[in-house]
>>> print(open('input07.txt').read())   # compact mmCIF, C-alpha atoms
# COMPACT_ATOMS: atom_id res chain seq x y z
CA MET O 1 5.36 -40.09 -4.27
CA LYS O 2 7.01 -39.85 -0.86
CA LYS O 3 5.53 -37.16 1.37
CA PHE O 4 7.17 -35.16 4.14
CA ALA O 5 5.44 -33.27 6.93
CA VAL O 6 7.50 -30.12 7.56
CA VAL O 7 6.94 -28.53 10.97
CA LEU O 8 7.62 -24.79 11.32
CA SER O 9 7.89 -22.64 14.44
CA GLY O 10 7.26 -19.13 13.08
CA CYS O 11 9.05 -17.02 10.49
CA GLY O 12 12.49 -15.64 11.32
CA VAL O 13 15.60 -17.06 12.96
CA PHE O 14 15.45 -15.16 16.26
CA ASP O 15 11.82 -15.81 17.24
CA GLY O 16 10.58 -18.43 14.76
CA ALA O 17 11.66 -20.86 12.07
CA GLU O 18 14.99 -20.14 10.37
CA ILE O 19 13.81 -19.05 6.92
CA HIS O 20 16.73 -20.42 4.88
CA GLU O 21 16.60 -23.82 6.59
CA ALA O 22 12.83 -24.01 6.13
CA THR O 23 12.84 -22.90 2.49
CA LEU O 24 15.80 -25.06 1.52
CA THR O 25 14.23 -28.10 3.19
CA LEU O 26 11.16 -27.57 0.98
CA LEU O 27 13.43 -27.17 -2.08
CA ALA O 28 15.40 -30.33 -1.26
CA ILE O 29 12.18 -32.32 -0.86
CA LYS O 30 10.83 -31.20 -4.25
CA GLN O 31 14.17 -31.59 -6.05
CA ASN O 32 14.42 -35.15 -4.75
CA GLY O 33 11.06 -36.03 -6.30
CA ALA O 34 9.08 -36.01 -3.08
CA ASP O 35 6.29 -33.73 -1.87
CA TYR O 36 5.47 -31.93 1.37
CA GLU O 37 2.78 -30.44 3.55
CA VAL O 38 3.64 -27.74 6.06
CA PHE O 39 2.40 -27.69 9.66
CA ALA O 40 2.76 -25.44 12.70
CA PRO O 41 1.09 -25.21 16.09
CA ASP O 42 -1.65 -22.61 16.52
CA ILE O 43 -0.08 -20.89 19.54
CA PRO O 44 1.30 -17.44 20.38
CA GLN O 45 4.98 -16.84 19.73
CA TYR O 46 7.01 -16.56 22.92
CA HIS O 47 7.96 -13.05 21.76
CA VAL O 48 8.70 -10.97 18.67
CA ILE O 49 12.30 -9.94 17.98
CA ASN O 50 13.41 -7.04 15.80
CA HIS O 51 15.88 -8.94 13.59
CA ILE O 52 18.09 -5.86 13.09
CA THR O 53 18.52 -4.76 16.71
CA GLY O 54 17.85 -8.05 18.49
CA GLU O 55 15.41 -6.25 20.78
CA VAL O 56 11.99 -7.50 21.85
CA MET O 57 9.13 -5.69 20.09
CA GLU O 58 5.88 -4.88 21.91
CA GLU O 59 3.79 -7.10 19.66
CA SER O 60 2.27 -10.53 19.72
CA ARG O 61 2.24 -12.88 16.76
CA ASN O 62 0.91 -16.38 16.19
CA VAL O 63 3.21 -19.27 15.23
CA LEU O 64 0.80 -20.79 12.69
CA VAL O 65 -0.05 -17.44 11.08
CA GLU O 66 3.61 -16.37 10.76
CA SER O 67 4.73 -19.81 9.55
CA ALA O 68 2.16 -19.44 6.76
CA ARG O 69 4.43 -16.76 5.25
CA ILE O 70 7.04 -19.43 4.49
CA ALA O 71 4.34 -21.84 3.29
CA ARG O 72 2.64 -19.23 1.05
CA GLY O 73 -0.61 -19.86 2.93
CA ASN O 74 -0.57 -23.64 2.39
CA ILE O 75 -0.26 -24.72 5.98
CA ARG O 76 -2.17 -26.82 8.51
CA ASN O 77 -2.58 -26.79 12.23
CA LEU O 78 -0.20 -29.32 13.81
CA THR O 79 -3.20 -30.92 15.54
CA GLU O 80 -4.16 -32.27 12.08
CA TYR O 81 -0.87 -34.13 11.60
CA ASP O 82 -1.46 -37.85 11.06
CA PRO O 83 1.69 -39.96 10.59
CA ASP O 84 -0.27 -42.50 8.53
CA ARG O 85 -0.57 -39.89 5.75
CA PHE O 86 3.19 -39.18 5.60
CA ASP O 87 6.44 -41.01 5.00
CA ALA O 88 8.51 -38.76 7.27
CA ILE O 89 8.46 -35.67 9.47
CA ILE O 90 11.14 -32.98 9.50
CA PHE O 91 11.85 -29.96 11.71
CA PRO O 92 13.91 -27.04 10.33
CA GLY O 93 15.66 -24.97 13.00
CA GLY O 94 15.55 -21.42 14.30
CA PHE O 95 15.01 -20.09 17.83
CA GLY O 96 11.29 -20.77 17.37
CA VAL O 97 12.08 -24.43 18.03
CA ALA O 98 13.62 -23.50 21.38
CA LYS O 99 11.10 -20.75 22.28
CA ASN O 100 7.77 -21.79 20.71
CA LEU O 101 7.84 -25.54 20.11
CA SER O 102 9.63 -26.01 23.44
CA ASP O 103 11.15 -23.90 26.22
CA PHE O 104 14.68 -25.18 25.63
CA ALA O 105 16.01 -21.61 25.18
CA PHE O 106 15.05 -20.86 28.78
CA ASN O 107 15.20 -24.18 30.61
CA GLY O 108 17.87 -26.15 28.73
CA ALA O 109 17.95 -29.83 29.70
CA ALA O 110 14.94 -29.25 31.99
CA CYS O 111 12.84 -28.13 29.03
CA SER O 112 9.41 -29.39 28.10
CA LEU O 113 7.80 -29.61 24.69
CA HIS O 114 4.52 -28.20 23.47
CA PRO O 115 2.18 -31.23 23.82
CA GLU O 116 1.30 -31.27 20.09
CA VAL O 117 4.98 -31.29 19.17
CA ASP O 118 5.70 -34.06 21.64
CA ALA O 119 2.78 -36.08 20.26
CA ALA O 120 3.82 -35.56 16.62
CA ILE O 121 7.34 -36.85 17.30
CA LYS O 122 6.22 -39.81 19.41
CA LYS O 123 3.48 -40.88 16.99
CA THR O 124 5.93 -40.81 14.08
CA ALA O 125 8.51 -42.82 16.02
CA LYS O 126 5.87 -45.39 16.92
CA LYS O 127 5.10 -45.83 13.19
CA ARG O 128 8.83 -46.39 12.48
CA LYS O 129 9.02 -43.50 10.02
CA PRO O 130 12.06 -41.21 9.57
CA ILE O 131 12.26 -38.12 11.79
CA GLY O 132 14.56 -35.31 10.62
CA ALA O 133 15.85 -32.33 12.60
CA LEU O 134 18.07 -29.45 11.49
CA CYS O 135 20.11 -27.00 13.54
CA ILE O 136 18.75 -26.75 17.14
CA SER O 137 15.76 -29.06 16.47
CA PRO O 138 17.55 -32.25 17.61
CA VAL O 139 17.02 -31.09 21.21
CA ILE O 140 13.26 -31.55 20.89
CA ILE O 141 13.70 -35.01 19.37
CA VAL O 142 15.89 -36.05 22.31
CA ARG O 143 13.39 -34.54 24.77
CA ALA O 144 10.58 -36.59 23.18
CA LEU O 145 12.41 -39.87 22.53
CA GLY O 146 15.19 -39.93 25.12
CA ASP O 147 18.01 -42.26 24.13
CA VAL O 148 18.75 -41.16 20.58
CA GLU O 149 22.00 -40.19 18.83
CA VAL O 150 22.01 -36.74 17.23
CA THR O 151 24.23 -33.83 16.23
CA ILE O 152 23.90 -30.09 16.76
CA GLY O 153 27.37 -29.47 15.28
CA ASP O 154 30.00 -28.68 17.90
CA ASP O 155 28.33 -26.43 20.49
CA GLU O 156 29.37 -27.85 23.87
CA ALA O 157 26.60 -26.41 26.02
CA THR O 158 23.89 -27.76 23.75
CA ALA O 159 25.66 -31.11 23.42
CA ASP O 160 25.84 -31.33 27.23
CA ALA O 161 22.11 -30.63 27.48
CA ILE O 162 21.43 -33.41 24.97
CA VAL O 163 23.40 -35.85 27.11
CA ALA O 164 21.63 -34.62 30.26
CA MET O 165 18.30 -35.40 28.57
CA GLY O 166 19.42 -38.97 27.91
CA GLY O 167 20.60 -38.62 24.32
CA SER O 168 24.05 -38.96 22.88
CA HIS O 169 25.84 -36.39 20.77
CA MET O 170 28.13 -36.77 17.75
CA GLU O 171 30.05 -33.77 16.45
CA ALA O 172 29.38 -33.05 12.79
CA ASP O 173 30.59 -30.56 10.19
CA HIS O 174 28.78 -28.65 7.41
CA GLY O 175 26.42 -30.88 5.47
CA GLU O 176 27.05 -34.00 7.54
CA VAL O 177 24.07 -36.07 8.63
CA ILE O 178 24.09 -38.19 11.78
CA ILE O 179 21.75 -41.17 11.47
CA ASP O 180 20.37 -43.09 14.42
CA GLU O 181 19.44 -46.22 12.50
CA GLU O 182 17.54 -47.80 15.33
CA LYS O 183 15.33 -44.80 16.08
CA LEU O 184 15.32 -43.57 12.45
CA VAL O 185 16.37 -40.08 13.57
CA PHE O 186 18.35 -37.90 11.13
CA THR O 187 20.11 -34.69 12.20
CA THR O 188 22.43 -32.08 10.61
CA PRO O 189 23.92 -28.89 12.11
CA CYS O 190 23.07 -26.15 9.55
CA TYR O 191 23.21 -22.70 11.23
CA MET O 192 24.33 -24.22 14.56
CA LEU O 193 27.68 -23.90 12.78
CA ASP O 194 28.91 -20.61 11.30
CA ALA O 195 27.60 -21.38 7.82
CA ASP O 196 26.67 -19.72 4.56
CA ILE O 197 23.44 -20.37 2.71
CA ALA O 198 25.05 -22.80 0.22
CA GLN O 199 26.19 -24.93 3.17
CA ILE O 200 22.65 -24.85 4.58
CA PHE O 201 21.33 -26.23 1.31
CA GLU O 202 23.99 -28.96 1.37
CA GLY O 203 22.79 -29.98 4.84
CA ALA O 204 19.09 -29.84 3.89
CA ASP O 205 19.69 -31.81 0.70
CA ASN O 206 21.78 -34.45 2.44
CA ILE O 207 19.31 -35.00 5.26
CA VAL O 208 16.31 -35.23 2.92
CA ASN O 209 18.19 -37.70 0.71
CA ALA O 210 19.19 -39.82 3.69
CA MET O 211 15.63 -39.90 4.98
CA ILE O 212 14.26 -40.96 1.58
CA GLU O 213 16.80 -43.81 1.44
CA TYR O 214 15.51 -45.16 4.74
CA MET O 215 11.84 -45.09 3.70
CA PRO O 216 10.34 -48.53 3.08
CA MET J 217 34.35 -11.98 -6.13
CA LYS J 218 31.26 -10.62 -7.88
CA LYS J 219 28.82 -8.94 -5.52
CA PHE J 220 25.05 -8.59 -5.82
CA ALA J 221 22.82 -6.12 -4.04
CA VAL J 222 19.55 -7.91 -3.25
CA VAL J 223 16.59 -5.61 -2.58
CA LEU J 224 13.75 -6.96 -0.43
CA SER J 225 10.27 -5.55 0.18
CA GLY J 226 9.26 -7.23 3.45
CA CYS J 227 8.84 -10.89 4.44
CA GLY J 228 5.93 -12.84 2.98
CA VAL J 229 4.38 -13.14 -0.45
CA PHE J 230 1.12 -11.26 0.20
CA ASP J 231 2.50 -8.11 1.85
CA GLY J 232 6.26 -8.31 1.37
CA ALA J 233 9.04 -10.15 -0.41
CA GLU J 234 8.24 -13.67 -1.64
CA ILE J 235 10.31 -15.77 0.76
CA HIS J 236 11.20 -18.62 -1.61
CA GLU J 237 12.25 -16.24 -4.39
CA ALA J 238 14.33 -14.17 -1.98
CA THR J 239 16.00 -17.14 -0.27
CA LEU J 240 16.67 -19.00 -3.52
CA THR J 241 18.17 -15.87 -5.09
CA LEU J 242 20.62 -15.73 -2.18
CA LEU J 243 21.37 -19.46 -2.61
CA ALA J 244 21.92 -19.09 -6.36
CA ILE J 245 24.32 -16.19 -5.82
CA LYS J 246 26.41 -18.14 -3.30
CA GLN J 247 26.36 -21.39 -5.30
CA ASN J 248 27.62 -19.48 -8.34
CA GLY J 249 30.65 -18.24 -6.41
CA ALA J 250 29.42 -14.69 -5.91
CA ASP J 251 28.45 -12.81 -2.75
CA TYR J 252 25.59 -10.53 -1.71
CA GLU J 253 24.42 -7.78 0.56
CA VAL J 254 20.74 -7.37 1.33
CA PHE J 255 18.92 -4.01 1.27
CA ALA J 256 15.40 -2.76 1.92
CA PRO J 257 13.79 0.66 2.33
CA ASP J 258 13.12 1.85 5.89
CA ILE J 259 9.39 2.51 5.35
CA PRO J 260 6.11 1.17 6.73
CA GLN J 261 4.53 -1.76 4.94
CA TYR J 262 1.39 -0.81 3.04
CA HIS J 263 -0.45 -3.35 5.22
CA VAL J 264 -0.06 -6.67 7.02
CA ILE J 265 -1.84 -9.72 5.59
CA ASN J 266 -2.73 -12.89 7.48
CA HIS J 267 -1.20 -15.41 5.06
CA ILE J 268 -3.75 -18.09 5.96
CA THR J 269 -6.97 -16.11 5.58
CA GLY J 270 -5.79 -13.38 3.21
CA GLU J 271 -7.32 -10.78 5.53
CA VAL J 272 -5.73 -7.51 6.60
CA MET J 273 -4.45 -7.55 10.18
CA GLU J 274 -4.70 -4.48 12.42
CA GLU J 275 -0.94 -4.12 12.75
CA SER J 276 1.81 -2.05 11.26
CA ARG J 277 5.20 -3.44 10.30
CA ASN J 278 8.33 -1.92 8.78
CA VAL J 279 9.73 -3.14 5.45
CA LEU J 280 13.38 -2.99 6.55
CA VAL J 281 12.72 -4.68 9.91
CA GLU J 282 10.66 -7.51 8.38
CA SER J 283 13.07 -8.00 5.47
CA ALA J 284 15.78 -8.52 8.09
CA ARG J 285 14.12 -11.86 8.92
CA ILE J 286 15.11 -13.20 5.49
CA ALA J 287 18.56 -11.62 5.80
CA ARG J 288 19.15 -12.99 9.33
CA GLY J 289 19.77 -9.44 10.52
CA ASN J 290 22.44 -8.68 7.93
CA ILE J 291 20.65 -5.93 6.05
CA ARG J 292 21.17 -2.29 5.16
CA ASN J 293 18.91 0.64 4.53
CA LEU J 294 18.41 1.10 0.78
CA THR J 295 19.61 4.72 1.15
CA GLU J 296 23.10 3.24 1.65
CA TYR J 297 23.11 1.42 -1.69
CA ASP J 298 26.04 2.59 -3.86
CA PRO J 299 26.26 0.94 -7.30
CA ASP J 300 30.03 1.47 -7.35
CA ARG J 301 30.34 -1.15 -4.59
CA PHE J 302 28.33 -3.80 -6.48
CA ASP J 303 28.43 -5.69 -9.77
CA ALA J 304 24.65 -6.05 -10.05
CA ILE J 305 21.34 -5.40 -8.34
CA ILE J 306 18.46 -7.89 -8.15
CA PHE J 307 14.84 -7.69 -7.00
CA PRO J 308 13.02 -10.87 -5.89
CA GLY J 309 9.22 -10.67 -6.20
CA GLY J 310 6.22 -10.77 -3.90
CA PHE J 311 3.36 -8.32 -3.44
CA GLY J 312 5.70 -6.13 -1.41
CA VAL J 313 7.21 -4.99 -4.71
CA ALA J 314 3.77 -3.83 -5.87
CA LYS J 315 2.60 -2.49 -2.49
CA ASN J 316 5.72 -1.24 -0.67
CA LEU J 317 8.42 -0.52 -3.28
CA SER J 318 5.76 0.90 -5.60
CA ASP J 319 1.98 1.30 -5.75
CA PHE J 320 1.60 -0.92 -8.82
CA ALA J 321 -0.91 -3.17 -7.01
CA PHE J 322 -3.29 -0.22 -6.72
CA ASN J 323 -2.46 2.05 -9.67
CA GLY J 324 -1.21 -0.33 -12.35
CA ALA J 325 0.41 1.45 -15.29
CA ALA J 326 -0.11 4.78 -13.49
CA CYS J 327 2.04 3.59 -10.59
CA SER J 328 4.94 5.44 -9.04
CA LEU J 329 8.01 4.06 -7.30
CA HIS J 330 9.36 4.79 -3.86
CA PRO J 331 12.04 7.42 -4.60
CA GLU J 332 14.88 5.30 -3.14
CA VAL J 333 13.85 2.36 -5.33
CA ASP J 334 13.67 4.56 -8.40
CA ALA J 335 17.10 6.02 -7.60
CA ALA J 336 18.68 2.58 -7.01
CA ILE J 337 17.48 1.29 -10.39
CA LYS J 338 18.46 4.43 -12.32
CA LYS J 339 21.89 4.73 -10.70
CA THR J 340 22.65 1.09 -11.53
CA ALA J 341 21.50 1.52 -15.13
CA LYS J 342 23.70 4.60 -15.50
CA LYS J 343 26.72 2.54 -14.39
CA ARG J 344 25.87 -0.12 -17.03
CA LYS J 345 25.60 -2.90 -14.46
CA PRO J 346 23.13 -5.82 -14.68
CA ILE J 347 19.68 -5.33 -13.14
CA GLY J 348 17.67 -8.47 -12.32
CA ALA J 349 13.98 -8.77 -11.51
CA LEU J 350 11.92 -11.87 -10.61
CA CYS J 351 8.17 -12.41 -10.68
CA ILE J 352 6.29 -9.05 -10.51
CA SER J 353 9.47 -6.95 -10.05
CA PRO J 354 9.91 -6.26 -13.79
CA VAL J 355 7.10 -3.70 -13.51
CA ILE J 356 9.25 -1.45 -11.31
CA ILE J 357 12.19 -1.72 -13.71
CA VAL J 358 9.95 -0.65 -16.61
CA ARG J 359 8.54 2.21 -14.52
CA ALA J 360 12.08 3.44 -13.76
CA LEU J 361 13.74 2.87 -17.14
CA GLY J 362 10.86 3.01 -19.64
CA ASP J 363 11.72 1.29 -22.91
CA VAL J 364 13.00 -2.07 -21.70
CA GLU J 365 12.11 -5.64 -22.70
CA VAL J 366 10.99 -7.89 -19.83
CA THR J 367 8.86 -10.89 -18.92
CA ILE J 368 6.35 -11.48 -16.16
CA GLY J 369 5.39 -14.88 -17.60
CA ASP J 370 2.05 -14.86 -19.39
CA ASP J 371 -0.30 -12.69 -17.32
CA GLU J 372 -2.08 -10.45 -19.85
CA ALA J 373 -3.15 -7.63 -17.54
CA THR J 374 0.36 -7.16 -16.18
CA ALA J 375 1.88 -7.45 -19.67
CA ASP J 376 -0.53 -4.75 -20.88
CA ALA J 377 0.51 -2.47 -18.01
CA ILE J 378 4.16 -2.99 -18.96
CA VAL J 379 3.43 -1.92 -22.53
CA ALA J 380 1.42 1.06 -21.27
CA MET J 381 4.45 2.17 -19.25
CA GLY J 382 6.61 2.12 -22.39
CA GLY J 383 8.19 -1.30 -22.01
CA SER J 384 7.83 -4.39 -24.14
CA HIS J 385 6.80 -7.82 -22.93
CA MET J 386 7.98 -11.28 -23.97
CA GLU J 387 6.13 -14.35 -22.74
CA ALA J 388 8.34 -16.80 -20.84
CA ASP J 389 7.94 -20.20 -19.21
CA HIS J 390 9.35 -21.67 -15.99
CA GLY J 391 13.04 -20.92 -15.57
CA GLU J 392 13.36 -18.85 -18.75
CA VAL J 393 15.26 -15.57 -18.56
CA ILE J 394 14.52 -12.64 -20.88
CA ILE J 395 17.59 -10.49 -21.42
CA ASP J 396 17.49 -6.91 -22.63
CA GLU J 397 21.08 -6.74 -23.81
CA GLU J 398 21.07 -3.02 -24.40
CA LYS J 399 19.68 -2.05 -21.00
CA LEU J 400 21.27 -5.05 -19.21
CA VAL J 401 17.93 -5.98 -17.66
CA PHE J 402 17.27 -9.65 -16.78
CA THR J 403 13.82 -10.98 -15.88
CA THR J 404 12.20 -14.37 -15.12
CA PRO J 405 8.60 -15.22 -14.16
CA CYS J 406 8.93 -17.39 -10.99
CA TYR J 407 5.65 -17.34 -9.03
CA MET J 408 3.94 -15.16 -11.67
CA LEU J 409 3.40 -18.62 -13.16
CA ASP J 410 1.79 -21.47 -11.25
CA ALA J 411 5.10 -22.92 -10.09
CA ASP J 412 6.60 -25.21 -7.49
CA ILE J 413 9.64 -24.35 -5.39
CA ALA J 414 12.04 -26.37 -7.58
CA GLN J 415 10.95 -24.29 -10.59
CA ILE J 416 11.54 -21.12 -8.57
CA PHE J 417 15.10 -22.21 -7.91
CA GLU J 418 15.58 -22.97 -11.60
CA GLY J 419 14.50 -19.39 -12.42
CA ALA J 420 16.65 -17.84 -9.68
CA ASP J 421 19.68 -19.88 -10.69
CA ASN J 422 19.28 -19.10 -14.40
CA ILE J 423 18.87 -15.36 -13.87
CA VAL J 424 21.86 -15.12 -11.51
CA ASN J 425 23.98 -17.10 -13.97
CA ALA J 426 22.93 -14.92 -16.87
CA MET J 427 23.71 -11.74 -14.92
CA ILE J 428 27.17 -13.02 -13.97
CA GLU J 429 27.92 -13.80 -17.64
CA TYR J 430 27.19 -10.20 -18.58
CA MET J 431 29.43 -8.70 -15.90
CA PRO J 432 32.62 -7.12 -17.24
>>> encode(input="input07.txt", output="structure tokens")
Amino acid sequence: MKKFAVVLSGCGVFDGAEIHEATLTLLAIKQNGADYEVFAPDIPQYHVINHITGEVMEESRNVLVESARIARGNIRNLTEYDPDRFDAIIFPGGFGVAKNLSDFAFNGAACSLHPEVDAAIKKTAKKRKPIGALCISPVIIVRALGDVEVTIGDDEATADAIVAMGGSHMEADHGEVIIDEEKLVFTTPCYMLDADIAQIFEGADNIVNAMIEYMP
Amino acid sequence: MKKFAVVLSGCGVFDGAEIHEATLTLLAIKQNGADYEVFAPDIPQYHVINHITGEVMEESRNVLVESARIARGNIRNLTEYDPDRFDAIIFPGGFGVAKNLSDFAFNGAACSLHPEVDAAIKKTAKKRKPIGALCISPVIIVRALGDVEVTIGDDEATADAIVAMGGSHMEADHGEVIIDEEKLVFTTPCYMLDADIAQIFEGADNIVNAMIEYMP
């Protein structure tokens, strides 16, 4: 059975992993006859956002502990990720990718990645295994791997940042998957476009399917 | 377009709404050509659980604010729920149903409901509109309406509590929906059984479909 490592960045679109993208990635993996393990880094969230008002709350939360809500407690520290045990790695989106896994939300094309995230991407690429990224997550793949072709939908500022980091950007619509066949990188826009939840599942299902097709 | 009110109880299986059940209910509604609005009561959570260790955390969180993570900010206070504006109401599961929407987790068959939850269920029943409940949520429907036939899967203690509250219990397997045609109550076990996420979607999709069929 093919096995995906799914990397989360918290629990909630504005300060963590986008919950629909994360959940529907897990669903797509299972429905396509594969299995998954969920990972997250054991680090503080950049901040906590009240998802009704958009305001910062005077709290601190941990990325691994909050991600465990989506994983129903079945989650592992990203330090334990070993690409030899998996057939692919995939990153759902959400601002947590740009605030916790990296500082892209603040530094754009000058961003850096959390070292464990950088290592997970690079180790997987070295093993020639598929790397998937939904929504805003393609920016961290480009930061780690450089010259790779991805999509984040049609947002110009983010596309410009991707180019500035050495990547190339293809526009894509709901559910479309851009495949860099050389680097084995798979990306789809999801909530980077104005989408409904059925369109998010279409994107998650298509990217998971495409990644399975490219597995040896 | 048929419209569902979806009532959440927080964000995370052990102290709030079960995230997969909530998300996949939203997906099933959209995929079946209907629409939804999300509601939750504006009350403190009973407690906050670390979803890795199962331990209580010294924090307080609000049910409406945390539920907004699943709803991506598009959520309303349950006090604003008006059954005339909806074709059905549905309750995903999670311990939040038994700890926040009611005290079933602590008082079993002697439980009481949060008054706004009780009112939402009773007002919907009075209008003869479908009421759906996943996982543990059937217990709050029985508490509100009394003599109604439901399933929570095959857990004997919970089934006994349902009978003690005046309801009747039918065993059900993955994806099965028990329909009380007189009371228009629809229930399915989801994570009350040992299930995977694809089975949760099967249950969510089947219950939403059944509810739509019974709409006038």
>>> residues_around(input="input07.txt", residues="Asn266 in chain J", least_positions_apart="2", cutoff="10 Å", atoms="only C-alpha atoms", output="PDB file with C-alpha atoms, in the coordinates of the input")
ATOM      1  CA  VAL O  65      -0.050 -17.440  11.080  1.00  0.00           C
ATOM      2  CA  GLU O  66       3.610 -16.370  10.760  1.00  0.00           C
ATOM      3  CA  ALA O  68       2.160 -19.440   6.760  1.00  0.00           C
ATOM      4  CA  ARG O  69       4.430 -16.760   5.250  1.00  0.00           C
ATOM      5  CA  GLY O  73      -0.610 -19.860   2.930  1.00  0.00           C
TER       6      GLY O  73
ATOM      7  CA  GLY J 228       5.930 -12.840   2.980  1.00  0.00           C
ATOM      8  CA  PHE J 230       1.120 -11.260   0.200  1.00  0.00           C
ATOM      9  CA  ASP J 231       2.500  -8.110   1.850  1.00  0.00           C
ATOM     10  CA  VAL J 264      -0.060  -6.670   7.020  1.00  0.00           C
ATOM     11  CA  ILE J 268      -3.750 -18.090   5.960  1.00  0.00           C
ATOM     12  CA  THR J 269      -6.970 -16.110   5.580  1.00  0.00           C
ATOM     13  CA  GLY J 270      -5.790 -13.380   3.210  1.00  0.00           C
ATOM     14  CA  GLU J 271      -7.320 -10.780   5.530  1.00  0.00           C
ATOM     15  CA  VAL J 272      -5.730  -7.510   6.600  1.00  0.00           C
ATOM     16  CA  MET J 273      -4.450  -7.550  10.180  1.00  0.00           C
ATOM     17  CA  GLU J 274      -4.700  -4.480  12.420  1.00  0.00           C
TER      18      GLU J 274
END
>>> residues_around(input="input07.txt", residues="Val222 in chain J", least_positions_apart="4", cutoff="7 Å", atoms="only C-alpha atoms", output="list in words")
Tyr252, Glu253, Val254, Phe255, Ile305, Ile306 and Phe307 of chain J
>>> closest_residue(input="input07.txt", among="O:Gly175, O:Gly108, O:Gly16, O:Pro189", to="Ile286 in chain J", atoms="all atoms listed in the file")
O:Gly16
>>> closest_residue(input="input07.txt", among="J:Arg288, J:Ile235, J:Glu387, J:Leu294", to="Ile49 in chain O", atoms="only C-alpha atoms")
J:Arg288
>>> atom_distance(input="input07.txt", atom1="CA of His51 in chain O", atom2="CA of Phe95 in chain O")
12.0 Å
>>> closest_residue(input="input07.txt", among="O:Ala159, O:Val13, O:Ala22, O:Ala40", to="chain J", atoms="all atoms listed in the file")
O:Val13
>>> closest_residue(input="input07.txt", among="O:Ala105, O:Ala28, O:Cys135, O:Ile140", to="chain J", atoms="only C-alpha atoms")
O:Ala28
>>> residues_around(input="input07.txt", residues="Ile212 in chain O", least_positions_apart="4", cutoff="9 Å", atoms="only C-alpha atoms", output="tab-separated table (two decimals) with C-alpha atoms, in the coordinates of the input")
chain	number	residue	atom	x	y	z
O	2	LYS	CA	7.01	-39.85	-0.86
O	32	ASN	CA	14.42	-35.15	-4.75
O	34	ALA	CA	9.08	-36.01	-3.08
O	87	ASP	CA	6.44	-41.01	5.00
O	88	ALA	CA	8.51	-38.76	7.27
O	130	PRO	CA	12.06	-41.21	9.57
O	207	ILE	CA	19.31	-35.00	5.26
O	208	VAL	CA	16.31	-35.23	2.92
O	216	PRO	CA	10.34	-48.53	3.08
>>> residues_around(input="input07.txt", residues="His20 in chain O", least_positions_apart="3", cutoff="8 Å", atoms="only C-alpha atoms", output="list of chain:residue names")
O:Thr23, O:Leu24, O:Ile197, O:Ile200, J:Thr239, J:Ile286
>>> residues_near_point(input="input07.txt", point="(16.7, -29.1, -11.0)", cutoff="10 Å", atoms="only C-alpha atoms", output="PDB file with C-alpha atoms, in the frame of the given file")
ATOM      1  CA  LEU O  27      13.430 -27.170  -2.080  1.00  0.00           C
ATOM      2  CA  ALA O  28      15.400 -30.330  -1.260  1.00  0.00           C
ATOM      3  CA  LYS O  30      10.830 -31.200  -4.250  1.00  0.00           C
ATOM      4  CA  GLN O  31      14.170 -31.590  -6.050  1.00  0.00           C
ATOM      5  CA  ASN O  32      14.420 -35.150  -4.750  1.00  0.00           C
TER       6      ASN O  32
ATOM      7  CA  ALA J 414      12.040 -26.370  -7.580  1.00  0.00           C
ATOM      8  CA  GLN J 415      10.950 -24.290 -10.590  1.00  0.00           C
ATOM      9  CA  ILE J 416      11.540 -21.120  -8.570  1.00  0.00           C
ATOM     10  CA  PHE J 417      15.100 -22.210  -7.910  1.00  0.00           C
ATOM     11  CA  GLU J 418      15.580 -22.970 -11.600  1.00  0.00           C
ATOM     12  CA  ASP J 421      19.680 -19.880 -10.690  1.00  0.00           C
TER      13      ASP J 421
END
>>> atom_distance(input="input07.txt", atom1="CA of Asp35 in chain O", atom2="CA of Met211 in chain O")
13.1 Å
>>> atom_distance(input="input07.txt", atom1="CA of Asn107 in chain O", atom2="CA of Ala195 in chain O")
26.1 Å
>>> closest_residue(input="input07.txt", among="J:Ala377, J:Ile347, J:Ile368, J:Val358", to="Phe402 in chain J", atoms="all atoms listed in the file")
J:Ile347
>>> residues_around(input="input07.txt", residues="Lys399 in chain J", least_positions_apart="4", cutoff="9 Å", atoms="only C-alpha atoms", output="list in words")
Ala341, Arg344, Lys345, Pro346, Ile347, Leu361, Asp363, Val364, Glu365 and Ile395 of chain J
>>> write_last_selection(input="input07.txt", atoms="C-alpha atoms", output="PDB file, keeping the file's coordinate frame")
ATOM      1  CA  ALA J 341      21.500   1.520 -15.130  1.00  0.00           C
ATOM      2  CA  ARG J 344      25.870  -0.120 -17.030  1.00  0.00           C
ATOM      3  CA  LYS J 345      25.600  -2.900 -14.460  1.00  0.00           C
ATOM      4  CA  PRO J 346      23.130  -5.820 -14.680  1.00  0.00           C
ATOM      5  CA  ILE J 347      19.680  -5.330 -13.140  1.00  0.00           C
ATOM      6  CA  LEU J 361      13.740   2.870 -17.140  1.00  0.00           C
ATOM      7  CA  ASP J 363      11.720   1.290 -22.910  1.00  0.00           C
ATOM      8  CA  VAL J 364      13.000  -2.070 -21.700  1.00  0.00           C
ATOM      9  CA  GLU J 365      12.110  -5.640 -22.700  1.00  0.00           C
ATOM     10  CA  ILE J 395      17.590 -10.490 -21.420  1.00  0.00           C
TER      11      ILE J 395
END
>>> closest_residue(input="input07.txt", among="J:Asn278, J:Asn425, J:Gln261, J:Ser328", to="chain O", atoms="all atoms listed in the file")
J:Asn278
